[in-house]
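Q: Okay, so here is final-v7.cif, and as you'll see once you scroll down, it has mmCIF, C-alpha atoms.
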```cif
data_model
loop_
_atom_site.label_atom_id
_atom_site.label_comp_id
_atom_site.auth_asym_id
_atom_site.auth_seq_id
_atom_site.Cartn_x
_atom_site.Cartn_y
_atom_site.Cartn_z
CA THR A 25 10.56 25.32 5.39
CA SER A 26 9.86 22.70 8.04
CA THR A 27 6.94 20.71 9.27
CA PRO A 28 4.61 22.71 11.58
CA THR A 29 5.11 22.23 15.29
CA PRO A 30 2.85 19.40 16.47
CA ALA A 31 -0.08 20.17 18.70
CA PRO A 32 -0.28 18.69 22.19
CA GLY A 33 -0.72 14.93 22.37
CA PRO A 34 -4.38 14.69 23.46
CA HIS A 35 -5.48 16.15 20.10
CA SER A 36 -4.53 12.83 18.54
CA ARG A 37 -7.78 11.40 19.90
CA ILE A 38 -9.84 14.50 19.04
CA TYR A 39 -8.64 14.49 15.44
CA LEU A 40 -9.12 10.74 14.93
CA GLY A 41 -12.33 10.97 12.90
CA ARG A 42 -11.09 13.82 10.73
CA VAL A 43 -7.81 12.08 10.00
CA ILE A 44 -9.46 8.75 9.14
CA ALA A 45 -11.99 10.51 6.89
CA SER A 46 -9.32 12.50 5.06
CA ALA A 47 -6.97 9.56 4.57
CA SER A 48 -9.79 7.19 3.55
CA VAL A 49 -11.08 9.54 0.87
CA ALA A 50 -7.56 10.14 -0.46
CA LEU A 51 -6.84 6.41 -0.52
CA ALA A 52 -10.11 5.62 -2.32
CA LEU A 53 -9.33 8.24 -4.96
CA THR A 54 -6.04 6.58 -5.81
CA ALA A 55 -8.33 4.31 -7.88
CA PRO A 56 -7.65 6.09 -11.22
CA GLY A 57 -4.02 4.98 -10.93
CA GLN A 58 -4.66 1.44 -9.64
CA THR A 59 -4.58 -1.64 -11.86
CA ALA A 60 -8.19 -2.63 -11.10
CA ALA A 61 -9.59 0.66 -12.41
CA MET A 62 -7.05 1.01 -15.22
CA SER A 63 -8.00 -2.43 -16.59
CA VAL A 64 -11.36 -1.16 -17.90
CA PHE A 65 -9.55 1.41 -20.07
CA VAL A 66 -7.24 -1.07 -21.83
CA ASP A 67 -9.56 -2.31 -24.59
CA PRO A 68 -11.04 1.16 -25.34
CA LEU A 69 -7.49 2.55 -25.59
CA ILE A 70 -6.42 -0.24 -27.95
CA ASP A 71 -9.43 0.33 -30.21
CA SER A 72 -9.28 4.12 -30.15
CA LEU A 73 -5.54 4.64 -30.57
CA GLY A 74 -4.90 1.67 -32.85
CA LEU A 75 -2.22 0.17 -30.60
CA SER A 76 -1.49 -3.48 -29.88
CA ARG A 77 -2.08 -5.04 -26.48
CA THR A 78 1.65 -5.67 -26.10
CA VAL A 79 2.50 -2.03 -26.75
CA VAL A 80 -0.10 -0.80 -24.24
CA SER A 81 1.09 -3.34 -21.66
CA THR A 82 4.70 -2.23 -22.13
CA ALA A 83 3.75 1.42 -21.71
CA TYR A 84 1.90 0.47 -18.53
CA MET A 85 4.97 -1.35 -17.19
CA VAL A 86 7.09 1.75 -17.85
CA GLY A 87 4.55 3.81 -15.95
CA SER A 88 4.64 1.42 -13.01
CA LEU A 89 8.43 1.29 -12.83
CA SER A 90 8.73 5.08 -12.88
CA GLY A 91 7.42 5.26 -9.33
CA VAL A 92 10.40 3.29 -8.01
CA LEU A 93 12.68 6.34 -8.23
CA ILE A 94 10.12 8.92 -7.11
CA MET A 95 8.71 7.34 -3.95
CA PRO A 96 11.83 7.78 -1.74
CA VAL A 97 12.01 11.46 -2.75
CA LEU A 98 8.32 11.94 -1.97
CA GLY A 99 8.80 10.28 1.41
CA ARG A 100 11.46 12.81 2.34
CA LEU A 101 9.17 15.65 1.24
CA ILE A 102 6.46 14.32 3.59
CA ASP A 103 8.96 14.40 6.46
CA ARG A 104 9.97 17.97 5.62
CA PHE A 105 6.68 19.65 4.76
CA GLY A 106 4.12 17.41 6.49
CA PRO A 107 1.38 15.16 5.04
CA ARG A 108 -1.19 17.95 4.64
CA ARG A 109 0.89 20.08 2.29
CA VAL A 110 2.17 17.12 0.31
CA MET A 111 -1.34 15.65 -0.04
CA THR A 112 -2.54 18.97 -1.42
CA ALA A 113 0.31 19.17 -3.94
CA VAL A 114 -0.05 15.51 -5.00
CA ALA A 115 -3.82 15.85 -5.46
CA ALA A 116 -3.34 18.93 -7.64
CA CYS A 117 -0.73 17.20 -9.82
CA PHE A 118 -2.72 13.95 -10.05
CA GLY A 119 -5.88 15.79 -11.08
CA VAL A 120 -4.05 17.75 -13.78
CA VAL A 121 -2.46 14.52 -15.10
CA LEU A 122 -5.91 12.92 -15.43
CA LEU A 123 -7.20 15.93 -17.35
CA ALA A 124 -4.15 15.86 -19.63
CA ALA A 125 -4.47 12.09 -20.13
CA SER A 126 -7.88 12.59 -21.70
CA ALA A 127 -6.18 14.31 -24.65
CA VAL A 128 -3.51 11.70 -25.57
CA THR A 129 -3.36 10.66 -29.22
CA GLY A 130 -0.48 8.17 -29.50
CA ILE A 131 1.93 5.88 -27.71
CA ILE A 132 4.24 8.65 -26.47
CA GLY A 133 1.40 10.55 -24.86
CA LEU A 134 -0.11 7.37 -23.49
CA THR A 135 3.19 6.30 -21.92
CA ALA A 136 3.56 9.75 -20.32
CA ALA A 137 -0.03 9.47 -19.07
CA PHE A 138 0.64 6.04 -17.55
CA VAL A 139 3.73 7.43 -15.81
CA GLY A 140 1.71 10.26 -14.28
CA LEU A 141 -1.25 8.07 -13.36
CA ARG A 142 0.80 5.30 -11.76
CA VAL A 143 3.12 7.69 -9.91
CA GLY A 144 0.25 9.90 -8.81
CA GLY A 145 -2.31 7.24 -7.90
CA GLN A 146 -0.69 3.93 -7.05
CA GLY A 147 2.40 5.69 -5.71
CA ALA A 148 2.24 9.24 -4.37
CA LEU A 149 -1.35 9.64 -3.17
CA ASN A 150 -1.31 6.12 -1.73
CA LEU A 151 1.88 6.80 0.22
CA VAL A 152 0.79 10.16 1.60
CA ALA A 153 -2.68 8.89 2.56
CA THR A 154 -1.37 6.00 4.66
CA THR A 155 1.53 8.04 6.09
CA THR A 156 -0.99 10.67 7.21
CA VAL A 157 -2.52 8.12 9.59
CA ALA A 158 0.91 7.18 10.95
CA VAL A 159 1.88 10.81 11.60
CA TYR A 160 -1.42 12.09 13.00
CA VAL A 161 -2.64 9.10 15.04
CA HIS A 162 -0.63 7.87 18.03
CA HIS A 163 -3.31 6.07 20.04
CA ARG A 164 -4.99 3.05 18.41
CA ARG A 165 -2.97 3.58 15.24
CA GLY A 166 -3.63 0.02 14.10
CA PHE A 167 -7.39 0.51 14.36
CA ALA A 168 -7.19 3.82 12.48
CA MET A 169 -5.08 2.30 9.71
CA GLY A 170 -7.43 -0.67 9.48
CA VAL A 171 -10.48 1.54 8.99
CA THR A 172 -8.65 3.73 6.46
CA SER A 173 -7.45 0.73 4.49
CA ALA A 174 -10.89 -0.89 4.50
CA VAL A 175 -12.73 2.22 3.30
CA GLY A 176 -10.05 3.07 0.75
CA THR A 177 -9.95 -0.48 -0.62
CA ALA A 178 -13.74 -0.54 -0.90
CA GLY A 179 -13.60 2.58 -3.04
CA ILE A 180 -10.85 1.14 -5.25
CA SER A 181 -12.72 -2.16 -5.64
CA LEU A 182 -16.01 -0.51 -6.61
CA ALA A 183 -14.40 1.89 -9.08
CA PRO A 184 -14.10 -0.55 -12.05
CA VAL A 185 -17.83 -1.30 -12.03
CA LEU A 186 -18.75 2.39 -12.06
CA LEU A 187 -16.06 3.33 -14.58
CA GLU A 188 -17.10 0.62 -17.04
CA HIS A 189 -20.62 2.06 -17.20
CA LEU A 190 -19.31 5.61 -17.50
CA ILE A 191 -16.95 4.70 -20.36
CA GLY A 192 -19.93 3.33 -22.27
CA ASP A 193 -21.71 6.69 -21.87
CA LEU A 194 -18.87 9.24 -21.95
CA GLY A 195 -15.97 7.43 -23.62
CA TRP A 196 -12.55 6.89 -22.05
CA ARG A 197 -11.51 10.50 -22.65
CA GLY A 198 -14.55 11.87 -20.88
CA VAL A 199 -14.11 9.51 -17.92
CA TRP A 200 -10.44 10.42 -17.42
CA ALA A 201 -11.39 14.10 -17.50
CA LEU A 202 -14.22 13.47 -15.03
CA GLU A 203 -11.85 11.60 -12.70
CA GLY A 204 -9.48 14.56 -12.83
CA VAL A 205 -12.21 16.96 -11.78
CA VAL A 206 -13.29 14.67 -8.93
CA VAL A 207 -9.73 14.29 -7.61
CA LEU A 208 -9.15 18.05 -7.73
CA ALA A 209 -12.44 18.88 -6.06
CA VAL A 210 -12.61 16.15 -3.40
CA VAL A 211 -9.02 15.46 -2.36
CA LEU A 212 -8.08 19.14 -2.29
CA ALA A 213 -11.17 19.80 -0.15
CA VAL A 214 -10.36 17.13 2.44
CA SER A 215 -6.66 18.04 2.61
CA LEU A 216 -7.29 21.76 3.03
CA LEU A 217 -10.56 21.79 5.01
CA VAL A 218 -10.88 18.46 6.87
CA LEU A 219 -7.35 17.31 7.71
CA PRO A 220 -6.03 19.19 10.79
CA ARG A 221 -3.29 21.74 10.07
CA THR A 222 -0.85 20.27 12.58
CA PRO A 223 -0.50 16.70 13.84
CA ALA A 224 -0.60 15.93 17.54
CA ALA A 225 2.75 15.52 19.28
CA PRO A 226 3.84 11.89 19.77
CA PRO A 227 3.51 10.51 23.32
CA THR A 228 6.45 11.20 25.60
CA ARG A 229 8.57 8.39 26.96
CA ASP A 230 6.68 8.52 30.29
CA GLU A 231 3.32 8.38 28.51
CA ARG A 232 4.43 5.38 26.45
CA ALA A 233 5.64 3.63 29.56
CA GLU A 234 2.29 4.27 31.24
CA GLU A 235 0.44 2.83 28.22
CA ASP A 236 2.69 -0.24 28.17
CA ALA A 237 2.09 -0.79 31.86
CA SER A 238 -1.66 -0.69 31.35
CA ALA A 239 -1.41 -3.18 28.46
CA PRO A 240 1.49 -5.49 29.26
CA SER A 241 0.58 -8.04 26.60
CA GLY A 242 0.70 -5.54 23.76
CA PRO A 243 3.65 -4.74 21.53
CA ALA A 244 6.11 -1.91 22.16
CA ARG A 245 4.61 1.50 21.46
CA GLY A 246 7.68 3.04 19.83
CA PRO A 247 11.41 3.72 20.07
CA LEU A 248 12.97 6.15 22.53
CA VAL A 249 14.42 8.19 19.65
CA ASP A 250 13.48 8.53 15.98
CA TRP A 251 15.55 6.42 13.62
CA THR A 252 16.95 7.83 10.38
CA LEU A 253 16.59 5.99 7.06
CA PRO A 254 20.25 4.77 7.05
CA GLU A 255 19.79 3.45 10.59
CA ALA A 256 16.49 1.74 9.74
CA ILE A 257 17.80 -0.05 6.65
CA ARG A 258 20.54 -1.67 8.73
CA THR A 259 17.94 -3.63 10.69
CA GLY A 260 16.57 -7.03 9.78
CA MET A 261 13.04 -5.87 10.63
CA PHE A 262 13.11 -3.24 7.87
CA TRP A 263 14.07 -5.75 5.20
CA THR A 264 11.70 -8.41 6.49
CA VAL A 265 8.71 -6.08 6.25
CA ALA A 266 9.94 -4.71 2.90
CA ALA A 267 10.32 -8.26 1.58
CA GLY A 268 6.83 -9.15 2.84
CA VAL A 269 5.07 -6.27 1.10
CA GLY A 270 7.24 -6.70 -2.01
CA VAL A 271 6.45 -10.41 -2.30
CA CYS A 272 2.76 -9.75 -1.67
CA SER A 273 2.72 -7.05 -4.37
CA LEU A 274 4.59 -9.21 -6.91
CA VAL A 275 2.56 -12.38 -6.42
CA SER A 276 -0.90 -10.85 -5.98
CA THR A 277 -0.48 -8.54 -8.99
CA ALA A 278 0.65 -11.50 -11.10
CA LEU A 279 -2.28 -13.67 -10.00
CA ASN A 280 -4.86 -10.91 -10.48
CA PHE A 281 -3.47 -9.82 -13.85
CA HIS A 282 -3.69 -13.35 -15.27
CA GLN A 283 -6.73 -14.39 -13.25
CA LEU A 284 -8.99 -15.28 -16.19
CA SER A 285 -6.34 -17.40 -17.85
CA LEU A 286 -5.11 -18.95 -14.60
CA LEU A 287 -8.52 -19.97 -13.31
CA GLY A 288 -9.73 -20.83 -16.80
CA GLU A 289 -7.07 -23.51 -16.84
CA ARG A 290 -8.72 -24.92 -13.70
CA GLY A 291 -12.13 -25.17 -15.38
CA LEU A 292 -13.69 -21.85 -14.32
CA THR A 293 -15.56 -19.80 -16.91
CA ALA A 294 -14.61 -16.17 -17.45
CA ALA A 295 -17.60 -15.08 -15.37
CA GLN A 296 -16.68 -17.45 -12.52
CA ALA A 297 -13.06 -16.31 -12.58
CA ALA A 298 -14.08 -12.64 -12.45
CA ALA A 299 -16.53 -13.43 -9.64
CA THR A 300 -13.63 -14.44 -7.35
CA PHE A 301 -12.87 -10.73 -7.00
CA VAL A 302 -16.02 -10.44 -4.86
CA PRO A 303 -14.84 -12.70 -1.98
CA GLN A 304 -11.38 -11.21 -2.44
CA THR A 305 -12.74 -7.72 -1.82
CA LEU A 306 -14.95 -8.73 1.12
CA ALA A 307 -12.17 -10.72 2.81
CA GLY A 308 -9.79 -7.81 2.25
CA LEU A 309 -12.17 -5.41 3.99
CA ALA A 310 -12.54 -7.75 6.95
CA ALA A 311 -8.78 -8.29 7.11
CA SER A 312 -8.17 -4.54 7.27
CA PHE A 313 -10.30 -4.23 10.40
CA VAL A 314 -9.01 -7.39 12.06
CA LEU A 315 -5.33 -6.80 11.25
CA GLY A 316 -5.66 -3.19 12.32
CA TRP A 317 -6.93 -4.30 15.74
CA LEU A 318 -4.38 -7.11 16.04
CA ALA A 319 -1.54 -4.76 15.16
CA ASP A 320 -2.25 -2.89 18.39
CA HIS A 321 -2.02 -6.07 20.45
CA VAL A 322 0.15 -8.68 18.69
CA SER A 323 3.81 -8.75 17.67
CA ASP A 324 4.60 -7.63 14.11
CA ARG A 325 6.65 -10.78 13.53
CA VAL A 326 3.70 -13.05 14.34
CA LEU A 327 1.43 -11.20 11.93
CA ILE A 328 4.02 -11.24 9.14
CA VAL A 329 4.42 -15.01 9.52
CA ALA A 330 0.64 -15.52 9.44
CA MET A 331 0.18 -13.36 6.31
CA MET A 332 3.03 -15.03 4.44
CA VAL A 333 1.76 -18.53 5.26
CA VAL A 334 -1.65 -17.57 3.82
CA MET A 335 0.05 -16.08 0.75
CA ALA A 336 2.11 -19.23 0.17
CA ALA A 337 -1.01 -21.40 0.47
CA ALA A 338 -2.98 -19.19 -1.93
CA THR A 339 -0.16 -19.14 -4.49
CA ALA A 340 0.38 -22.88 -4.51
CA GLY A 341 -3.35 -23.61 -4.25
CA ALA A 342 -4.13 -21.48 -7.32
CA GLY A 343 -2.93 -24.38 -9.45
CA TRP A 344 -5.38 -26.84 -7.87
CA VAL A 345 -8.60 -24.84 -7.36
CA HIS A 346 -11.89 -25.96 -8.89
CA PRO A 347 -15.21 -24.22 -9.45
CA GLY A 348 -16.92 -23.86 -6.10
CA TRP A 349 -15.69 -23.32 -2.57
CA THR A 350 -11.97 -23.74 -3.38
CA ALA A 351 -12.13 -20.81 -5.82
CA VAL A 352 -13.91 -18.74 -3.18
CA ALA A 353 -11.27 -19.66 -0.58
CA TYR A 354 -8.53 -18.71 -3.04
CA GLY A 355 -10.05 -15.26 -3.59
CA MET A 356 -10.48 -14.71 0.14
CA ALA A 357 -6.85 -15.65 0.86
CA LEU A 358 -5.59 -13.13 -1.69
CA GLY A 359 -7.77 -10.39 -0.21
CA VAL A 360 -6.54 -11.10 3.31
CA CYS A 361 -2.89 -10.91 2.25
CA ASN A 362 -3.21 -7.76 0.14
CA ASN A 363 -5.01 -5.70 2.76
CA GLY A 364 -3.39 -7.28 5.79
CA LEU A 365 0.21 -6.59 4.74
CA ARG A 366 -0.58 -3.01 3.71
CA THR A 367 -2.16 -2.29 7.08
CA LEU A 368 0.61 -4.01 9.01
CA GLU A 369 3.42 -2.16 7.22
CA ALA A 370 1.83 1.23 7.89
CA VAL A 371 1.66 0.42 11.62
CA ALA A 372 4.91 -1.51 12.12
CA PHE A 373 7.36 1.11 10.90
CA PRO A 374 6.20 3.97 13.16
CA ARG A 375 6.34 1.53 16.09
CA CYS A 376 9.84 0.35 15.19
CA PHE A 377 11.48 3.56 13.97
CA GLY A 378 9.45 6.57 15.16
CA LEU A 379 7.87 9.35 13.10
CA ARG A 380 10.46 12.01 12.27
CA HIS A 381 11.79 10.12 9.22
CA ILE A 382 8.80 7.85 8.59
CA GLY A 383 8.14 9.31 5.14
CA ALA A 384 11.65 8.54 3.91
CA ILE A 385 11.52 5.03 5.41
CA ARG A 386 8.11 4.17 3.98
CA GLY A 387 9.02 5.79 0.65
CA VAL A 388 11.79 3.25 0.10
CA VAL A 389 9.48 0.36 0.94
CA HIS A 390 6.77 1.78 -1.30
CA SER A 391 9.23 1.87 -4.19
CA VAL A 392 9.85 -1.85 -3.60
CA THR A 393 6.10 -2.45 -3.73
CA VAL A 394 5.65 -0.48 -6.96
CA GLY A 395 8.62 -2.15 -8.65
CA ALA A 396 7.54 -5.63 -7.64
CA SER A 397 4.05 -5.06 -9.01
CA ALA A 398 5.51 -4.23 -12.42
CA PHE A 399 7.45 -7.50 -12.72
CA GLY A 400 4.91 -9.96 -11.26
CA PRO A 401 2.69 -10.41 -14.35
CA VAL A 402 5.73 -10.81 -16.61
CA LEU A 403 7.29 -13.51 -14.43
CA LEU A 404 4.08 -15.54 -14.24
CA ALA A 405 3.55 -15.26 -18.00
CA MET A 406 7.12 -16.35 -18.73
CA GLY A 407 6.84 -19.31 -16.36
CA ARG A 408 3.61 -20.39 -18.00
CA SER A 409 5.15 -20.19 -21.49
CA TRP A 410 7.89 -22.66 -20.52
CA THR A 411 5.49 -25.37 -19.31
CA VAL A 412 2.09 -26.84 -20.15
CA SER A 413 0.48 -25.54 -16.95
CA TYR A 414 0.65 -22.74 -14.38
CA ARG A 415 1.34 -25.25 -11.61
CA PRO A 416 5.18 -25.38 -11.82
CA VAL A 417 5.66 -21.60 -11.77
CA LEU A 418 3.12 -21.24 -8.96
CA LEU A 419 5.05 -23.73 -6.84
CA VAL A 420 8.23 -21.74 -7.46
CA LEU A 421 6.53 -18.46 -6.58
CA CYS A 422 5.18 -19.86 -3.30
CA LEU A 423 8.79 -20.21 -2.13
CA LEU A 424 9.03 -16.42 -1.93
CA PRO A 425 6.52 -15.95 0.94
CA LEU A 426 7.97 -19.02 2.68
CA ALA A 427 11.40 -17.36 2.60
CA VAL A 428 9.87 -14.31 4.30
CA VAL A 429 8.39 -16.61 6.95
CA VAL A 430 11.88 -17.90 7.77
CA ALA A 431 13.24 -14.35 7.91
CA ALA A 432 10.42 -13.21 10.22
CA LEU A 433 11.07 -16.11 12.60
CA LEU A 434 14.76 -15.21 12.83
CA VAL A 435 14.62 -11.41 12.87
CA ARG A 436 14.64 -9.41 16.10
CA HIS A 437 12.59 -6.34 16.92
CA PRO A 438 14.81 -3.20 16.67
CA PRO A 439 16.10 -1.87 20.02
CA PRO A 440 14.61 1.34 21.46
CA VAL A 441 17.76 3.28 20.47
CA PRO A 442 19.76 2.83 17.23
CA PRO A 443 23.21 1.30 17.77
CA GLY A 444 25.77 4.04 18.23
CA ARG A 445 23.34 6.54 19.73
CA GLU A 446 23.02 5.04 23.21
CA GLU A 447 25.46 7.52 24.77
CA GLU A 448 23.77 10.46 23.06
CA THR A 449 20.43 9.36 24.47
CA LEU A 450 21.79 8.91 27.98
CA GLU A 451 23.38 12.37 27.90
CA ARG A 452 20.13 13.92 26.73
CA GLU A 453 18.16 12.22 29.51
CA GLY A 454 20.79 13.22 32.04
#
```
Please rewrite the model in this file as C-alpha cells.

A:
Amino acid sequence: TSTPTPAPGPHSRIYLGRVIASASVALALTAPGQTAAMSVFVDPLIDSLGLSRTVVSTAYMVGSLSGVLIMPVLGRLIDRFGPRRVMTAVAACFGVVLLAASAVTGIIGLTAAFVGLRVGGQGALNLVATTTVAVYVHHRRGFAMGVTSAVGTAGISLAPVLLEHLIGDLGWRGVWALEGVVVLAVVLAVSLLVLPRTPAAPPTRDERAEEDASAPSGPARGPLVDWTLPEAIRTGMFWTVAAGVGVCSLVSTALNFHQLSLLGERGLTAAQAAATFVPQTLAGLAASFVLGWLADHVSDRVLIVAMMVVMAAATAGAGWVHPGWTAVAYGMALGVCNNGLRTLEAVAFPRCFGLRHIGAIRGVVHSVTVGASAFGPVLLAMGRSWTVSYRPVLLVLCLLPLAVVVAALLVRHPPPVPPGREEETLEREG
C-alpha cells in the first residue's frame, strides 16, 4: 500500500482551513499524554494504588523513554500510508489505551498505561498532527503551523484546570475513561470527515522559482529533490535543529517539573510559582503565531539562534528571579522557546529536505525530543542534590543552548540536491 496520489497544487490553499482545524484538534487532544495534564493524576494515583512517589515517577520515566524507539517507525508509516490513515489508527489506539488505563490496579498495569499514554499522546498523535500540516500545506506553511501550534498548545494548557475539577467529581478512573471516549469520538471524526483524503501536490520547481522571485528576501522554498533519512542525517542542519529541540525539551521539562521547588528557593510561594504558567502559556501562544509568520520570511538559522539565546537566558536567570516582573519574564521566555522551536522544526525540515520522507526524518527528531524530556527532571534534581542551590546546575545547563547557538552560526543550509545525486537530477531534467 502506498500514499494516495496527491491532488493538484492549488488545493493546498482550498484545504488550508480544514487541515489547520484537523491538526489543531488532534494536537490539543494529545493533552492526556502530556506532562501538564498527567501531573493532576499523580497524587490521586499514589493515594488510590498505594504506591510511592518515586515508584510512580520511575514508571512515568519508563513510559516517556518508550517513545524513543517507536517514533522513527511511526514516521516511516506516515510516509508510506499518509497522515490521514495514520492519524485514524493512532487515535483509535490512544483512545483504547485511555479506556484500559482506567482499570489499572498496580504498578505493572500503571507502567503499561504510562507507556501507552506517553507514546500515544506526547509521541504519536503529536508527530502525526504536526506532520499533517507539513504534508498538506505548501503555501504559507509557517503561518499554518503557527496557528496549529497555538490552538493545540492552548488546549493542552487548559486541560489540567478542567481535569482537576473532573477528577474531584468522577475520580481518576472515570476521567481517563472519559478522555478515551473524547479522543475516539473527536479525533476519529476530524481525521475521517474533516481532513482531506489526499494532500495537494507540492509546487513544481518552476512554481517555487516564481514564488522565490516574487519574495526575494524570503528563505528557500524547498529542495529540488526529496532527501532520504540517511541523506538528511549527514547534514549539519539536521543535527542543529535536532539539538535545538532536544535541548529545549530537556531544559524546559526539567524547569517545569521542579518549578515549585525551583522558584520556591527564590522566595515565591507555591501559588506564585504555579501562576508563572499563565504568562508562559500566553507568551507561547503569541510565539506560535509570530514564529510561524517569521518562518516564512526569515532564515531558519537566525530563528534557531534567537530561540536558543532566549532559552539560555531563561535557564540561567531562573536562579536569580524574584517575585514580581522577573518571574513573569522567566515564564514568558520559557513559553516562547517551547512553542517557537516546535513550530520552527515543523517548518524547517520540509523546506530543507522535501516531503517524501518527512515522516521518517521528523520521527527521528521526535524521538530525541521524547528521550530528552525523560532525562531533564532527573538531571536537574541530581545537580540540586550536590549543591546548596539550583544556581550551579542552572549555569551548567545554560551551556547547552549556547552550544546550539554556536552550531547554528557555523552550519550551512543544505544544498538543493543531496551530494551524490547531482548527475541523477541533471539527467532527469534533461

Q: Report the residues retrieved by the PyMOL selection byres ((chain A and resi 138-148) around 9) from the displayed file, expressed as a PyMOL selection string.

A: chain A and resi 51+53-59+83-92+94-95+98-99+111+114-115+117-119+121-122+125+133-137+149-153+390-391+394

Q: Restricting the calculation to all atoms listed in the file: of A:Val249, A:Val214, A:Val80, A:Ala256, which residue gets closest to Ala384 of chain A?

A: A:Ala256

Q: Selected by the PyMOL selection byres ((chain A and resi 370) around 8) in the shown coordinates: which residues, as a VMD selection string?

A: chain A and resid 154 to 155 158 169 366 to 369 371 to 374 386

Q: Can you measure atom CA of Ala266 of chain A to atom CA of Val389 of chain A for me? One decimal in Å is fine.

A: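 Computing the Euclidean distance for atom CA of Ala266 of chain A and atom CA of Val389 of chain A yields 5.5 Å.
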
Q: I need the residue nearest Cys272 of chain A from this list: A:Ala47, A:Leu248, A:Val392, A:Gly316. Use all atoms listed in the file for the distance.

A: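 Counting all atoms listed in the file, the residue closest to Cys272 of chain A is A:Val392.
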
Q: List the spatial neighbours of segment 286-296 of chain A as a ChimeraX atom specification - criterion: any atom at most 12 Å away, only C-alpha atoms, same-chain residues fewer than 2 positions off excluded.

A: /A:278-284,298-303,339,341-352,354-355,401,404-405,408,412-415,417-418

Q: Any idea what's packed within 8 Å of Met356 of chain A, counting all atoms listed in the file, ignoring anything in its chain fewer than 2 positions away? Could you give it as a PyMOL selection string?

A: chain A and resi 303-308+352-354+358-360

Q: With all atoms listed in the file as the atoms that count, which of A:Ala311, A:Val428, A:Ile382, A:Val435 lies nearest to Pro254 of chain A?

A: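 Using all atoms listed in the file, the shortest distance to Pro254 of chain A belongs to A:Ile382.
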
Q: Determine the residue membership of the PyMOL selection byres ((chain A and resi 170) around 7) for the file above and supply it as a CSV table (one decimal) with C-alpha atoms, in the frame of the given file.

A:
```csv
chain,number,residue,atom,x,y,z
A,166,GLY,CA,-3.6,0.0,14.1
A,167,PHE,CA,-7.4,0.5,14.4
A,168,ALA,CA,-7.2,3.8,12.5
A,169,MET,CA,-5.1,2.3,9.7
A,171,VAL,CA,-10.5,1.5,9.0
A,172,THR,CA,-8.6,3.7,6.5
A,173,SER,CA,-7.4,0.7,4.5
A,174,ALA,CA,-10.9,-0.9,4.5
A,312,SER,CA,-8.2,-4.5,7.3
A,313,PHE,CA,-10.3,-4.2,10.4
A,315,LEU,CA,-5.3,-6.8,11.2
A,316,GLY,CA,-5.7,-3.2,12.3
A,367,THR,CA,-2.2,-2.3,7.1
```
